[in-house]
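A short worksheet on the structure shown next.
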Amino acid sequence: MDSTVKPQDTDASVARPASATDGLQPFLHDAVVTLHAPSLVISSADGQFAGGVDGFYHGDRRALSELTVAAEGIALAPVQGGLRGADRADFRAVLRGLGETTPDPAVTLHRLRSTAGGRMTDVVEVTNSGVRHVGLRLTVTANTDLAAMEQVKSGRPPRVLSPQAADADSIGFSWSAGDFGAQLTSDPAPDMVQLPEGRLSYDIDLPPGTSWSVTLDCVAAYADGDQFPAPPPRQLPWLTPTLKSADRGLDRWLTQSLADLDRLRLSDPRSSDPGRPDQFLAAGAPWFLTLFGRDSLWAARMLLPLGTGLAAGTLRTLARRQGAVTDPATEEQPGKILHEVRRDTLQLANRLALPPVYYGTVDATPLWITLLHDAWRWGLAPQEVEALLPHAEAALAWMRTQAGASGDGFLKYIDRSGHGLSNQGWKDSNDSIRFHDGRLAAAPIALCEVQAYAYEAARGGAALLRAFGRPGADAWEEWAERLADRFRKHFWVEDAHGPYPAVALDGDGRPADAVTSGFGHLLGTGLLTAEESALLAARLSRPDLDAGHGLRTLSSDAVGFNPFGYHTGSIWPHDTAIAVHGLVRAGFPDAAASLAQGLLTASAAFDSRLPELFAGHGAEAASRPAPYPASCRPQAWAAAASVSVLQAALGLDADVPAGTVTVAPAFTTAYAPLSVSGLHVGPGALDITVAADGTVDVTAPEGLTVVTR
């Protein structure tokens with residue numbers, strides 16, 4: 001995002017008409033989004049850029065805010081529009097009445113869009129399938145405000161800029177402001193150019209059975225280059241598996257998710273090998289198309305069954321930016337893993353102002369350690385693991401320091417800057433952490449799931465230290481067990497349905513006793529006993545949390561439950577997928593199967609592209625979940641949830657250092673017969689087939705023993 005360089009308010013700018021939605025965050029639920037990070041395109045279902053959030057964006061700046069196609073004196077009737085993968089879309093319309101001799105349409109317009117890093121191309125084709133010779137004038141209107149993403153999100157973008165002529169070798173328009181610029185060109189050249197209005201007009205003559213087309217090409221760039229460029233072509237850091245199951249919805253969900261994840265990839269310009277840079281996943285489009293510690297780590301962890309390349313790139317990218325000093329303004333601390341990186345300060349609302357590199361997160365640091373441990377088990381080369389161990393030791397030290405400074409041994413957070421995030425776990429909205437009666441918890445806050453992350457990180461860190469002959473393993477295992485004892489003593493509360501862990505402890509150490517989806521993040525981490533896990537599996541299966549489309553973030557029985565609440569009743573696919581995975585690890589496949597089926601049902605309602613979150617009304621209220629209108633779509637960890645659910649269904653786990661891969665189908669028979677080829681573990685590919693009767697056949701890389709149950 002660029003919040004310091006803005007178009008100048010001069011006579012060359014054009015005021016926008018006032019709108020009833022000015023000052024409100026734009027909605028996205030019915031938008032068509034194509035992307036190739038760090039670029040994306042948002043349009044309505046007819047392909048037009050017609051206001052609101054529509055436009056072509058690059059690196060958190062809007063390069064085009066208007067791009068419409070019209071036929072003079074002829075109505076365009078949209079008949080079809082949608083995605084063709086992740087970076088392409090097409091749109092069809094009928095030119096009503098033109099050339100028609102029967103009720104059948106005769107002349108149609110086809111708009112084919114493709115998106116690449118720093119480039120958007122629309123090919124507009126007009127076809128005469130009738131029997132009459134026709135003529136028409138087609139007009140393309142292009143304008144932009146070069147708005148920063150935060151301005152678009154605020155609902156108050158700046159004024160539209162008047163275009164300049166394109167460079168001498170092209171026909172079209174250009175715009176620039178500070179270090180950012182965009183140019184739109186036309187091939188072939190238009191018959192008329194109206195520069196101040198941004199219009200290109202074409203006089204088209206079409207005999208029967210002929211077509212005419214124009215290519216509109218828009219490029220956008222920063223003068224100093226991209227902060228996180230698109231990776232070089234053909235350097236995908238994972239294998240792309242092929243899934244064939246009895247449930248084609250599952251197949252489509254995985255296929256669309258992998259296409260989206262491919263186009264969410266970004267690279268680190270600080271990589272040691274510029275020819276093969278480290279890669280990570282941007283969090284999501286459009287609001288979070290950059291490096292986010294927590295999101296990138298979770299997504300990489302979910303994709304481990306496809307290989308360790310993404311995990312390695314994510315770990316190294318974050319390690320290069322690991323905290324080294326104490327800075328209250330950015331919340332940087334030695335050993336801490338960052339929250340997000342932007343080009344400039346992010347200014348939202350009246351209070352929130354996040355610096356370009358912001359460390360206000362309590363969970364990214366333990367999640368980084370756990371990803372390193374899990375990547376090692378999935379086969380990350382020992383020399384790559386060993387090179388990252390000093391960063392792991394620094395991260396472990398940060399955990400010890402923070403827990404020790406808290407007074408009760410828990411990892412806590414508090415925004416001391418006054419302009420940062422008030423909540424610094426994944427539920428980071430200001431009203432997300434509360435008591436059952438609706439009261440908000442006051443900081444400093446110790447989240448239940450963060451203690452589970454810390455426990456898992458301490459155990460995983462100990463395993464790494466021991467395996468690589470470094471000191472401290474025993475001490476970290478003891479630290480983890482003391483944390484588990486404290487958690488059992490301070491977090492557990494009880495209501496009419498039995499005991500459960502509070503979502504958090506508030507600043508006075510009181511349990512904030514709201515019932516939330518956070519239970520799912522505790523399962524399978526080792527923090528809980530078998531009896532405690534059984535209690536939480538039962539709670540997750542109750543209808544106040546399991547909505548039939550996934551887990552509600554807040555129980556529908558709680559005061560303040562809102563199905564459209566960002567973290568107070570909505571459903572987040574990644575959150576449900578974490579619970580599915582945890583339930584299987586803890587030995588509760590039936591509860592996991594119900595939640596997995598809910599996500600699969602929801603994916604069909606969103607054309608196999610699950611959004612960041614959606615509304616939590618539940619399957620009893622409607623067969624299709626309602627969208628959360630401002631949700632990112634696609635979102636990295638929502639897309640990665642498809643791989644995590646498949647892994648859980650297969651009961652798939654790996655321990656390459658011990659020479660084993662485990663396949664213990666949990667609820668795969670719901671999708672059987674099922675075959676998946678092109679998974680990756682250790683030195684090579686892993687293929688799994690599950691027959692309708694549950695028989696399992698596994699082909700694993702040489703040197704690995706397959707354990708089946």
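Naming scheme: A, B, ... for chains in displayed order of the structure tokens; residues 1 onward per chain; ligands 1 onward as shown.
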(message) Could you list, as a PyMOL selection string, every residue within 6 Å of region 449-463 of chain A, counting only C-alpha atoms and ignoring same-chain residues fewer than 6 positions away?
(response) chain A and resi 363+366+369-370+373+473+476-477+480+521-522+525+527
Polymer residues at most 7 Å from Leu523 (chain A), only C-alpha atoms, same-chain spacing of 5 or more positions, as a VMD selection string:
chain A and resid 533 582 to 583 586
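Ranking A:Arg552, A:His391, A:Arg434, A:Arg542 by their shortest atom-to-atom distance to Val503 (chain A), with only C-alpha atoms included, puts A:Arg434 first.
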Quick one: which region 614-635 of chain A residues come within 12 Å of region 33-53 of chain A, and what is the nearest atom pair for each with the distance in Å to one decimal, counting only C-alpha atoms, rows ordered by chain and ascending number, as a Markdown table?
| residue | atom | partner | partner_atom | distance |
| --- | --- | --- | --- | --- |
| A:Pro629 | CA | A:Val53 | CA | 11.9 |
| A:Ala630 | CA | A:Val53 | CA | 10.1 |
| A:Ser631 | CA | A:Val33 | CA | 11.9 |
| A:Cys632 | CA | A:Val33 | CA | 9.7 |
| A:Arg633 | CA | A:Val33 | CA | 7.5 |
| A:Pro634 | CA | A:Val33 | CA | 8.1 |
| A:Gln635 | CA | A:Leu35 | CA | 11.4 |
* **Members of region 75-175 of chain A assigned strand (DSSP E) by DSSP, as an NGL selection string** => :A and (76-83 or 88-95 or 107-116 or 119-128 or 134-143 or 160-161 or 164-165 or 172-175)
With N, CA and C atoms retained, write the just-selected residues as a compact mmCIF listing (two decimals), in the first residue's frame.
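Generated output (selection_16.txt):
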# COMPACT_ATOMS: atom_id res chain seq x y z
N LEU A 76 -26.28 -3.44 -24.33
CA LEU A 76 -25.49 -4.66 -24.08
C LEU A 76 -26.18 -5.47 -22.99
N ALA A 77 -26.55 -6.70 -23.30
CA ALA A 77 -27.23 -7.56 -22.33
C ALA A 77 -26.28 -8.68 -21.90
N PRO A 78 -25.70 -8.59 -20.70
CA PRO A 78 -24.79 -9.65 -20.24
C PRO A 78 -25.52 -10.98 -20.11
N VAL A 79 -24.88 -12.06 -20.57
CA VAL A 79 -25.48 -13.38 -20.46
C VAL A 79 -24.59 -14.37 -19.71
N GLN A 80 -23.30 -14.07 -19.59
CA GLN A 80 -22.40 -15.00 -18.91
C GLN A 80 -21.15 -14.26 -18.49
N GLY A 81 -20.60 -14.65 -17.34
CA GLY A 81 -19.34 -14.07 -16.89
C GLY A 81 -18.80 -14.82 -15.71
N GLY A 82 -17.50 -15.09 -15.71
CA GLY A 82 -16.91 -15.79 -14.57
C GLY A 82 -15.48 -16.20 -14.82
N LEU A 83 -14.92 -16.89 -13.81
CA LEU A 83 -13.52 -17.28 -13.82
C LEU A 83 -13.26 -18.41 -14.80
N ARG A 88 -7.62 -15.79 -15.21
CA ARG A 88 -8.37 -15.51 -16.43
C ARG A 88 -9.88 -15.50 -16.14
N ALA A 89 -10.59 -14.73 -16.93
CA ALA A 89 -12.06 -14.70 -16.86
C ALA A 89 -12.57 -14.30 -18.23
N ASP A 90 -13.82 -14.67 -18.51
CA ASP A 90 -14.42 -14.17 -19.73
C ASP A 90 -15.88 -13.81 -19.49
N PHE A 91 -16.37 -12.94 -20.39
CA PHE A 91 -17.70 -12.35 -20.22
C PHE A 91 -18.36 -12.28 -21.59
N ARG A 92 -19.62 -12.63 -21.67
CA ARG A 92 -20.35 -12.59 -22.93
C ARG A 92 -21.59 -11.72 -22.77
N ALA A 93 -21.90 -11.00 -23.84
CA ALA A 93 -23.08 -10.15 -23.86
C ALA A 93 -23.67 -10.16 -25.26
N VAL A 94 -24.96 -9.88 -25.34
CA VAL A 94 -25.67 -9.78 -26.61
C VAL A 94 -25.92 -8.31 -26.90
N LEU A 95 -25.67 -7.89 -28.15
CA LEU A 95 -26.01 -6.54 -28.59
C LEU A 95 -27.46 -6.59 -29.05
N VAL A 107 -25.69 -10.68 -32.86
CA VAL A 107 -24.37 -10.07 -32.65
C VAL A 107 -24.03 -10.14 -31.17
N THR A 108 -22.88 -10.67 -30.87
CA THR A 108 -22.46 -10.86 -29.48
C THR A 108 -21.10 -10.24 -29.23
N LEU A 109 -20.86 -9.94 -27.97
CA LEU A 109 -19.57 -9.41 -27.54
C LEU A 109 -18.96 -10.38 -26.53
N HIS A 110 -17.72 -10.75 -26.77
CA HIS A 110 -16.98 -11.66 -25.89
C HIS A 110 -15.76 -10.90 -25.37
N ARG A 111 -15.62 -10.86 -24.07
CA ARG A 111 -14.51 -10.14 -23.43
C ARG A 111 -13.68 -11.15 -22.66
N LEU A 112 -12.46 -11.37 -23.11
CA LEU A 112 -11.56 -12.35 -22.50
C LEU A 112 -10.46 -11.62 -21.75
N ARG A 113 -10.37 -11.86 -20.44
CA ARG A 113 -9.44 -11.14 -19.57
C ARG A 113 -8.34 -12.07 -19.08
N SER A 114 -7.12 -11.59 -19.07
CA SER A 114 -6.00 -12.31 -18.47
C SER A 114 -5.21 -11.34 -17.60
N THR A 115 -4.66 -11.87 -16.53
CA THR A 115 -3.93 -11.07 -15.55
C THR A 115 -2.54 -11.64 -15.35
N ALA A 116 -1.54 -10.79 -15.37
CA ALA A 116 -0.17 -11.20 -15.10
C ALA A 116 0.44 -10.18 -14.15
N ARG A 119 0.39 -6.51 -15.29
CA ARG A 119 -0.28 -6.38 -16.59
C ARG A 119 -1.68 -6.98 -16.54
N MET A 120 -2.62 -6.27 -17.18
CA MET A 120 -3.97 -6.80 -17.42
C MET A 120 -4.28 -6.63 -18.90
N THR A 121 -4.80 -7.69 -19.51
CA THR A 121 -5.15 -7.64 -20.92
C THR A 121 -6.60 -8.06 -21.10
N ASP A 122 -7.38 -7.22 -21.77
CA ASP A 122 -8.74 -7.55 -22.17
C ASP A 122 -8.79 -7.62 -23.69
N VAL A 123 -9.20 -8.75 -24.22
CA VAL A 123 -9.45 -8.89 -25.65
C VAL A 123 -10.96 -8.83 -25.85
N VAL A 124 -11.43 -7.82 -26.56
CA VAL A 124 -12.86 -7.62 -26.80
C VAL A 124 -13.16 -8.02 -28.24
N GLU A 125 -14.03 -8.99 -28.40
CA GLU A 125 -14.36 -9.50 -29.73
C GLU A 125 -15.86 -9.36 -29.99
N VAL A 126 -16.19 -8.80 -31.13
CA VAL A 126 -17.58 -8.68 -31.56
C VAL A 126 -17.79 -9.62 -32.74
N THR A 127 -18.81 -10.48 -32.66
CA THR A 127 -19.06 -11.49 -33.68
C THR A 127 -20.47 -11.34 -34.23
N ASN A 128 -20.57 -11.35 -35.55
CA ASN A 128 -21.87 -11.30 -36.23
C ASN A 128 -22.22 -12.70 -36.72
N VAL A 134 -23.90 -5.59 -40.58
CA VAL A 134 -24.16 -4.63 -39.51
C VAL A 134 -22.98 -3.69 -39.33
N GLY A 135 -23.26 -2.54 -38.78
CA GLY A 135 -22.24 -1.60 -38.41
C GLY A 135 -22.54 -1.00 -37.04
N LEU A 136 -21.51 -0.65 -36.31
CA LEU A 136 -21.71 -0.07 -34.98
C LEU A 136 -20.48 0.71 -34.56
N ARG A 137 -20.67 1.58 -33.60
CA ARG A 137 -19.54 2.28 -32.97
C ARG A 137 -19.37 1.72 -31.56
N LEU A 138 -18.19 1.19 -31.28
CA LEU A 138 -17.86 0.66 -29.95
C LEU A 138 -16.96 1.66 -29.24
N THR A 139 -17.31 2.00 -28.00
CA THR A 139 -16.52 2.98 -27.25
C THR A 139 -16.01 2.36 -25.95
N VAL A 140 -14.71 2.49 -25.74
CA VAL A 140 -14.05 2.06 -24.50
C VAL A 140 -13.73 3.30 -23.69
N THR A 141 -14.13 3.31 -22.42
CA THR A 141 -13.83 4.43 -21.53
C THR A 141 -12.90 3.93 -20.42
N ALA A 142 -11.77 4.61 -20.26
CA ALA A 142 -10.77 4.20 -19.27
C ALA A 142 -10.38 5.41 -18.42
N ASN A 143 -10.39 5.21 -17.11
CA ASN A 143 -9.97 6.26 -16.18
C ASN A 143 -9.37 5.62 -14.94
N VAL A 160 -10.62 11.24 -9.65
CA VAL A 160 -10.12 10.62 -10.88
C VAL A 160 -9.16 11.58 -11.57
N LEU A 161 -8.07 11.05 -12.11
CA LEU A 161 -7.09 11.85 -12.82
C LEU A 161 -7.41 11.90 -14.31
N GLN A 164 -3.17 11.30 -19.76
CA GLN A 164 -2.25 11.86 -20.74
C GLN A 164 -2.17 10.88 -21.91
N ALA A 165 -1.63 11.34 -23.02
CA ALA A 165 -1.45 10.44 -24.15
C ALA A 165 -0.40 9.40 -23.81
N GLY A 172 -3.21 5.32 -26.82
CA GLY A 172 -3.89 5.05 -25.57
C GLY A 172 -3.65 6.15 -24.57
N PHE A 173 -3.67 5.79 -23.28
CA PHE A 173 -3.60 6.78 -22.21
C PHE A 173 -2.56 6.37 -21.17
N SER A 174 -2.07 7.35 -20.44
CA SER A 174 -1.16 7.08 -19.33
C SER A 174 -1.52 7.98 -18.16
N TRP A 175 -1.18 7.50 -16.96
CA TRP A 175 -1.41 8.26 -15.73
C TRP A 175 -0.19 8.04 -14.83
Leaving out Gln235 (chain A) and any residue of its chain fewer than 2 positions from it, which residues lie within 12 Å of it when counting only C-alpha atoms, given as a PDB file with C-alpha atoms, in the first residue's frame?
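Contents of the output file part37.pdb:
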ATOM      1  CA  ALA A 230       5.989 -12.318  -8.825  1.00  0.00           C
ATOM      2  CA  PRO A 231       8.245 -15.406  -8.909  1.00  0.00           C
ATOM      3  CA  PRO A 232      10.009 -16.345 -12.150  1.00  0.00           C
ATOM      4  CA  PRO A 233       7.943 -18.544 -14.497  1.00  0.00           C
ATOM      5  CA  PRO A 237       7.516 -24.678  -5.100  1.00  0.00           C
ATOM      6  CA  TRP A 238       5.211 -27.695  -4.795  1.00  0.00           C
ATOM      7  CA  LEU A 239       3.910 -30.615  -6.786  1.00  0.00           C
ATOM      8  CA  ASP A 262      -0.348 -20.649  -7.626  1.00  0.00           C
ATOM      9  CA  ARG A 263      -1.319 -17.053  -8.386  1.00  0.00           C
ATOM     10  CA  ARG A 265       2.750 -16.631  -4.833  1.00  0.00           C
ATOM     11  CA  LEU A 266       5.246 -13.831  -4.226  1.00  0.00           C
ATOM     12  CA  SER A 267       9.033 -13.880  -3.995  1.00  0.00           C
ATOM     13  CA  GLY A 275      17.514 -16.652 -10.098  1.00  0.00           C
ATOM     14  CA  ARG A 276      15.567 -18.946  -7.764  1.00  0.00           C
ATOM     15  CA  PRO A 277      14.172 -16.664  -5.080  1.00  0.00           C
ATOM     16  CA  ASP A 278      12.404 -17.865  -1.958  1.00  0.00           C
ATOM     17  CA  GLN A 279       8.642 -17.898  -2.363  1.00  0.00           C
ATOM     18  CA  GLY A 309       9.631 -25.851  -1.002  1.00  0.00           C
ATOM     19  CA  LEU A 310       7.011 -23.310   0.012  1.00  0.00           C
TER      20      LEU A 310
END
One number please: CA of Val661 (chain A) to CA of Thr529 (chain A), in Å, one decimal.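 Between CA of Val661 (chain A) and CA of Thr529 (chain A) the gap works out to 25.0 Å.
Each of A:Ser541, A:Ser154, A:Ser65, A:Ser296 was checked against Cys218 (chain A) using only C-alpha atoms; the smallest atom-to-atom distance is that of A:Ser65.
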Can you pull out every residue within 12 Å of His490 (chain A), counting only C-alpha atoms, but drop anything in the same chain fewer than 3 positions away, and send it as a list in words?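 Contacts, with the query itself left out: Asp408, Gly409, Phe410, Ala446, Leu447, Cys448, Gln451, Leu483, Ala484, Asp485, Arg486, Phe487, Val493, Tyr500, Pro501, Ala502, Val503, Ala504, Leu505, Asp506, Asp508, Gly509, Arg510, Pro511, Ala512 and Asp513 of chain A.
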Just write the chosen residues, N, CA, C and O atoms, as an mmCIF file, in the first residue's frame.
data_model
loop_
_atom_site.group_PDB
_atom_site.id
_atom_site.type_symbol
_atom_site.label_atom_id
_atom_site.label_comp_id
_atom_site.auth_asym_id
_atom_site.auth_seq_id
_atom_site.Cartn_x
_atom_site.Cartn_y
_atom_site.Cartn_z
ATOM 1 N N ASP A 408 2.602 -14.736 34.917
ATOM 2 C CA ASP A 408 1.950 -16.017 35.174
ATOM 3 C C ASP A 408 2.394 -17.106 34.199
ATOM 4 O O ASP A 408 1.841 -18.201 34.178
ATOM 5 N N GLY A 409 3.406 -16.809 33.363
ATOM 6 C CA GLY A 409 3.975 -17.820 32.486
ATOM 7 C C GLY A 409 3.241 -18.034 31.178
ATOM 8 O O GLY A 409 3.563 -18.975 30.444
ATOM 9 N N PHE A 410 2.266 -17.179 30.834
ATOM 10 C CA PHE A 410 1.532 -17.316 29.579
ATOM 11 C C PHE A 410 2.007 -16.281 28.563
ATOM 12 O O PHE A 410 2.452 -15.185 28.927
ATOM 13 N N ALA A 446 -4.164 -13.224 27.246
ATOM 14 C CA ALA A 446 -3.508 -14.509 26.958
ATOM 15 C C ALA A 446 -4.532 -15.398 26.265
ATOM 16 O O ALA A 446 -5.494 -15.846 26.887
ATOM 17 N N LEU A 447 -4.349 -15.635 24.966
ATOM 18 C CA LEU A 447 -5.283 -16.445 24.191
ATOM 19 C C LEU A 447 -5.069 -17.928 24.433
ATOM 20 O O LEU A 447 -3.925 -18.387 24.567
ATOM 21 N N CYS A 448 -6.171 -18.688 24.426
ATOM 22 C CA CYS A 448 -6.039 -20.127 24.661
ATOM 23 C C CYS A 448 -5.238 -20.793 23.552
ATOM 24 O O CYS A 448 -4.354 -21.619 23.821
ATOM 25 N N GLN A 451 -1.400 -20.427 23.677
ATOM 26 C CA GLN A 451 -0.694 -21.289 24.628
ATOM 27 C C GLN A 451 -0.471 -22.677 23.998
ATOM 28 O O GLN A 451 0.568 -23.305 24.218
ATOM 29 N N LEU A 483 3.852 -25.315 31.203
ATOM 30 C CA LEU A 483 2.821 -24.509 30.554
ATOM 31 C C LEU A 483 1.492 -25.267 30.521
ATOM 32 O O LEU A 483 0.423 -24.694 30.802
ATOM 33 N N ALA A 484 1.545 -26.557 30.203
ATOM 34 C CA ALA A 484 0.318 -27.358 30.170
ATOM 35 C C ALA A 484 -0.341 -27.408 31.546
ATOM 36 O O ALA A 484 -1.571 -27.330 31.662
ATOM 37 N N ASP A 485 0.464 -27.536 32.575
ATOM 38 C CA ASP A 485 -0.086 -27.571 33.934
ATOM 39 C C ASP A 485 -0.761 -26.241 34.280
ATOM 40 O O ASP A 485 -1.861 -26.217 34.863
ATOM 41 N N ARG A 486 -0.110 -25.135 33.935
ATOM 42 C CA ARG A 486 -0.699 -23.822 34.223
ATOM 43 C C ARG A 486 -1.985 -23.622 33.429
ATOM 44 O O ARG A 486 -2.970 -23.066 33.940
ATOM 45 N N PHE A 487 -1.969 -24.052 32.184
ATOM 46 C CA PHE A 487 -3.160 -23.914 31.346
ATOM 47 C C PHE A 487 -4.336 -24.670 31.976
ATOM 48 O O PHE A 487 -5.455 -24.156 32.060
ATOM 49 N N VAL A 493 -13.005 -23.657 32.456
ATOM 50 C CA VAL A 493 -14.222 -23.173 33.113
ATOM 51 C C VAL A 493 -15.332 -24.186 32.825
ATOM 52 O O VAL A 493 -15.106 -25.204 32.187
ATOM 53 N N TYR A 500 -14.783 -26.579 29.675
ATOM 54 C CA TYR A 500 -14.157 -26.169 28.416
ATOM 55 C C TYR A 500 -13.146 -25.070 28.726
ATOM 56 O O TYR A 500 -13.226 -24.417 29.781
ATOM 57 N N PRO A 501 -12.194 -24.815 27.840
ATOM 58 C CA PRO A 501 -11.234 -23.734 28.072
ATOM 59 C C PRO A 501 -11.810 -22.384 27.655
ATOM 60 O O PRO A 501 -12.466 -22.270 26.616
ATOM 61 N N ALA A 502 -11.573 -21.368 28.459
ATOM 62 C CA ALA A 502 -11.953 -20.011 28.096
ATOM 63 C C ALA A 502 -11.182 -19.579 26.855
ATOM 64 O O ALA A 502 -10.080 -20.080 26.571
ATOM 65 N N VAL A 503 -11.751 -18.642 26.115
ATOM 66 C CA VAL A 503 -11.066 -18.160 24.919
ATOM 67 C C VAL A 503 -9.770 -17.445 25.290
ATOM 68 O O VAL A 503 -8.809 -17.429 24.511
ATOM 69 N N ALA A 504 -9.716 -16.881 26.504
ATOM 70 C CA ALA A 504 -8.535 -16.120 26.908
ATOM 71 C C ALA A 504 -8.599 -15.817 28.393
ATOM 72 O O ALA A 504 -9.644 -15.968 29.035
ATOM 73 N N LEU A 505 -7.477 -15.372 28.925
ATOM 74 C CA LEU A 505 -7.435 -14.729 30.235
ATOM 75 C C LEU A 505 -7.288 -13.232 30.000
ATOM 76 O O LEU A 505 -6.496 -12.804 29.158
ATOM 77 N N ASP A 506 -8.061 -12.444 30.744
ATOM 78 C CA ASP A 506 -7.960 -10.997 30.559
ATOM 79 C C ASP A 506 -6.812 -10.428 31.379
ATOM 80 O O ASP A 506 -6.025 -11.175 31.990
ATOM 81 N N ASP A 508 -6.648 -9.121 34.171
ATOM 82 C CA ASP A 508 -6.659 -9.463 35.592
ATOM 83 C C ASP A 508 -6.575 -10.965 35.826
ATOM 84 O O ASP A 508 -6.766 -11.424 36.962
ATOM 85 N N GLY A 509 -6.329 -11.708 34.769
ATOM 86 C CA GLY A 509 -6.226 -13.158 34.899
ATOM 87 C C GLY A 509 -7.550 -13.880 34.949
ATOM 88 O O GLY A 509 -7.596 -15.081 35.215
ATOM 89 N N ARG A 510 -8.650 -13.182 34.681
ATOM 90 C CA ARG A 510 -9.969 -13.812 34.707
ATOM 91 C C ARG A 510 -10.239 -14.508 33.382
ATOM 92 O O ARG A 510 -9.946 -13.951 32.314
ATOM 93 N N PRO A 511 -10.832 -15.698 33.410
ATOM 94 C CA PRO A 511 -11.147 -16.398 32.157
ATOM 95 C C PRO A 511 -12.266 -15.694 31.403
ATOM 96 O O PRO A 511 -13.364 -15.507 31.942
ATOM 97 N N ALA A 512 -11.981 -15.287 30.171
ATOM 98 C CA ALA A 512 -13.017 -14.776 29.276
ATOM 99 C C ALA A 512 -13.732 -15.998 28.712
ATOM 100 O O ALA A 512 -13.190 -16.715 27.872
ATOM 101 N N ASP A 513 -14.944 -16.248 29.189
ATOM 102 C CA ASP A 513 -15.543 -17.573 29.061
ATOM 103 C C ASP A 513 -16.439 -17.754 27.836
ATOM 104 O O ASP A 513 -17.307 -18.629 27.818
#
Which polymer residues have any atom within 12 Å of an atom of Pro611 (chain A), counting only C-alpha atoms, with same-chain residues fewer than 4 positions away left out, as a PyMOL selection string? chain A and resi 28-31+33+253+257+260+283-286+570-574+599+602-607+615+625-641
